[in-house]
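Participant: Below is the file run04.cif, which contains mmCIF, C-alpha atoms and all ligand atoms.
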data_start
#
loop_
_atom_site.label_atom_id
_atom_site.label_comp_id
_atom_site.auth_asym_id
_atom_site.auth_seq_id
_atom_site.Cartn_x
_atom_site.Cartn_y
_atom_site.Cartn_z
CA MET A 987 0.00 0.00 0.00
CA LEU A 988 2.60 2.55 1.05
CA LYS A 989 5.12 1.72 -1.55
CA TRP A 990 6.15 3.83 -4.49
CA LYS A 991 5.54 2.05 -7.76
CA GLN A 992 6.86 2.68 -11.26
CA GLN A 993 3.36 3.68 -12.35
CA TYR A 994 3.66 6.72 -10.07
CA SER A 995 6.62 8.02 -12.02
CA CYS A 996 6.24 11.54 -13.39
CA ASN A 997 9.46 11.06 -15.29
CA ILE A 998 11.03 13.96 -13.40
CA VAL A 999 13.86 12.82 -11.15
CA GLU A 1000 13.48 15.28 -8.28
CA ILE A 1001 9.69 14.96 -8.12
CA ASP A 1002 9.82 11.16 -8.19
CA LYS A 1003 12.35 11.32 -5.38
CA GLN A 1004 10.07 13.55 -3.31
CA HIS A 1005 7.06 11.32 -3.94
CA LYS A 1006 9.12 8.34 -2.79
CA THR A 1007 9.96 10.17 0.42
CA LEU A 1008 6.25 10.85 0.97
CA PHE A 1009 5.54 7.14 0.76
CA GLU A 1010 8.41 6.41 3.14
CA LEU A 1011 7.00 8.88 5.65
CA GLY A 1012 3.59 7.22 5.26
CA GLN A 1013 5.19 3.85 5.93
CA LYS A 1014 6.84 5.30 9.02
CA LEU A 1015 3.44 6.41 10.30
CA TYR A 1016 2.07 2.96 9.57
CA ASP A 1017 4.90 1.31 11.49
CA ILE A 1018 4.24 3.43 14.57
CA ILE A 1019 0.49 2.84 14.42
CA SER A 1020 1.00 -0.90 14.05
CA LEU A 1021 3.21 -1.26 17.12
CA LYS A 1022 1.29 -3.64 19.27
CA ASP A 1023 3.06 -3.10 22.56
CA ASP A 1024 1.61 -1.58 25.69
CA PHE A 1025 3.30 1.75 25.30
CA ASP A 1026 1.67 4.99 24.40
CA HIS A 1027 3.04 6.18 21.08
CA TYR A 1028 1.11 9.40 20.98
CA ASP A 1029 4.11 11.75 20.93
CA GLU A 1030 5.95 9.65 18.40
CA LEU A 1031 2.87 9.62 16.24
CA MET A 1032 2.39 13.35 16.46
CA ASN A 1033 6.03 13.86 15.52
CA ALA A 1034 5.69 11.57 12.53
CA LEU A 1035 2.55 13.37 11.47
CA GLU A 1036 4.31 16.72 11.82
CA GLU A 1037 7.19 15.42 9.73
CA MET A 1038 4.73 14.23 7.10
CA LYS A 1039 2.99 17.60 7.08
CA ASN A 1040 6.24 19.55 6.78
CA TYR A 1041 7.63 17.41 4.00
CA THR A 1042 4.33 17.56 2.14
CA ILE A 1043 4.38 21.36 2.33
CA TYR A 1044 7.95 21.33 1.04
CA HIS A 1045 6.99 19.03 -1.83
CA PHE A 1046 3.87 21.01 -2.78
CA ASN A 1047 5.87 24.25 -2.81
CA TYR A 1048 8.50 22.68 -5.01
CA GLU A 1049 5.93 21.32 -7.42
CA GLU A 1050 4.01 24.59 -7.60
CA LYS A 1051 7.22 26.50 -8.29
CA VAL A 1052 8.08 24.25 -11.22
CA MET A 1053 4.52 24.45 -12.59
CA GLU A 1054 4.57 28.22 -12.25
CA GLN A 1055 7.91 28.52 -13.95
CA TYR A 1056 6.57 26.72 -17.04
CA ASN A 1057 3.08 28.28 -16.97
CA TYR A 1058 1.36 24.99 -16.38
CA PRO A 1059 -2.37 25.56 -17.07
CA GLU A 1060 -3.59 23.44 -14.15
CA LEU A 1061 -1.52 25.23 -11.52
CA GLU A 1062 -4.53 26.72 -9.73
CA LYS A 1063 -6.28 23.36 -9.57
CA GLN A 1064 -3.15 21.78 -8.10
CA LYS A 1065 -2.79 24.61 -5.58
CA LYS A 1066 -6.37 24.09 -4.43
CA GLU A 1067 -5.91 20.35 -4.01
CA HIS A 1068 -2.62 20.83 -2.18
CA LYS A 1069 -4.10 23.36 0.21
CA ALA A 1070 -7.12 21.20 0.98
CA PHE A 1071 -4.83 18.32 1.89
CA ILE A 1072 -2.62 20.38 4.21
CA ASP A 1073 -5.73 21.83 5.89
CA LYS A 1074 -7.00 18.32 6.46
CA ILE A 1075 -3.73 17.19 8.05
CA ILE A 1076 -3.73 20.22 10.33
CA ALA A 1077 -7.31 19.44 11.33
CA MET A 1078 -6.34 15.82 12.05
CA LYS A 1079 -3.52 16.93 14.30
CA LYS A 1080 -5.94 19.03 16.29
CA LYS A 1081 -8.42 16.21 16.68
CA ASP A 1082 -8.26 14.31 19.91
CA ILE A 1083 -6.79 10.98 18.98
CA ASP A 1084 -6.04 9.85 22.50
CA GLU A 1085 -9.08 7.64 22.58
CA ASP A 1086 -9.11 4.58 20.40
CA GLN A 1087 -5.76 5.66 19.02
CA TYR A 1088 -5.36 2.69 16.71
CA LYS A 1089 -8.66 3.12 14.90
CA VAL A 1090 -8.43 6.88 14.49
CA CYS A 1091 -4.82 6.73 13.30
CA MET A 1092 -5.45 3.91 10.88
CA GLU A 1093 -8.32 5.84 9.33
CA MET A 1094 -6.13 8.90 9.14
CA LEU A 1095 -3.33 6.99 7.48
CA MET A 1096 -5.73 5.36 5.01
CA PHE A 1097 -6.92 8.81 4.05
CA ILE A 1098 -3.35 10.08 3.59
CA ALA A 1099 -2.22 7.06 1.55
CA ASP A 1100 -5.33 7.12 -0.59
CA TRP A 1101 -5.10 10.86 -1.21
CA ILE A 1102 -1.43 10.76 -2.18
CA GLU A 1103 -1.91 7.85 -4.52
CA LYS A 1104 -4.92 9.41 -6.25
CA HIS A 1105 -3.34 12.84 -6.44
CA ILE A 1106 -0.16 11.50 -8.03
CA LEU A 1107 -2.02 9.23 -10.44
CA LYS A 1108 -4.55 11.84 -11.52
CA SER A 1109 -3.34 15.39 -10.99
CA ASP A 1110 0.45 15.03 -10.96
CA MET A 1111 0.37 12.63 -13.90
CA ASN A 1112 -1.23 15.42 -15.94
CA TYR A 1113 1.90 17.56 -15.83
CA LYS A 1114 4.20 14.70 -16.79
CA LYS A 1115 3.88 15.14 -20.57
CA PHE A 1116 3.58 18.92 -20.34
CA LEU A 1117 6.77 19.36 -18.34
CA ASN A 1118 8.69 16.65 -20.15
CA GLU A 1119 7.96 18.44 -23.40
CA LYS A 1120 9.43 21.62 -21.88
CA GLY A 1121 12.58 19.68 -21.18
CA VAL A 1122 11.97 19.07 -17.48
CA TYR A 1123 13.11 15.61 -16.49
FE FE A 1201 3.20 15.63 -6.02
FE FE A 1202 0.66 17.78 -6.74
#
Do you think you could lay out the structure here as structure tokens?
Ligand SMILES: [Fe+2]
Ligand SMILES: [Fe+2]

Facilitator:
Amino acid sequence: MLKWKQQYSCNIVEIDKQHKTLFELGQKLYDIISLKDDFDHYDELMNALEEMKNYTIYHFNYEEKVMEQYNYPELEKQKKEHKAFIDKIIAMKKKDIDEDQYKVCMEMLMFIADWIEKHILKSDMNYKKFLNEKGVY
């Protein structure tokens, strides 16, 4: 589930690298959530979520800068999607996940994994040809 696959490739080295890191951070979240010991992993989880949020912001900014530089026509659509996702993560962090931690976090992670996969496969894939044709690889 949280593994980068060749089909996610946008054929742009730096962006593929960043997408891979996003999946790795998702996997890290999954690993923490799946720990079945008796310890409370709340802080660890919040840190991992913060890391995910920060890297996602970094990636979105990078992507938007490249799209802007080449006048990509769907920039505004991408910006809207990116912002909605960050807002959602911020809202999740504010939510009280102390109770039934496992269930809430799993749902959260499912949302993140699903969103990233769909966004890469639909929206990001749309700039692949456009940017490649401008010489961005
Ligand atoms: Fe992306
Ligand atoms: Fe994107």

Participant: One decimal, in Å: what's the spacing between atom CA of A:Lys1104 and atom CA of A:Tyr1123?

Facilitator: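 Going from atom CA of A:Lys1104 over to atom CA of A:Tyr1123 covers 21.6 Å.
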
Participant: Would you mind listing what lies within 10 Å of A:Glu1060 as a PyMOL selection string, with all atoms listed in the file counted and same-chain residues fewer than 2 positions away left out?

Facilitator: chain A and resi 1053-1054+1057-1058+1062-1065+1109-1110+1112-1113

Participant: Enter the distance from atom CA of A:Leu1095 to atom CA of A:Gly1012, in Å, rounded to one decimal.

Facilitator: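 Answer for the atom CA of A:Leu1095 to atom CA of A:Gly1012 separation: 7.3 Å.
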
Participant: To one decimal place, how far is atom CA of A:Asn997 from atom CA of A:Lys1114 in Å?

Facilitator: 6.6 Å

Participant: From the list A:Met1111, A:Cys1091, A:Leu1117, A:Ile1043, which residue is nearest A:Ala1070 when using only C-alpha atoms?

Facilitator: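 That would be A:Ile1043, the residue with the smallest distance to A:Ala1070.
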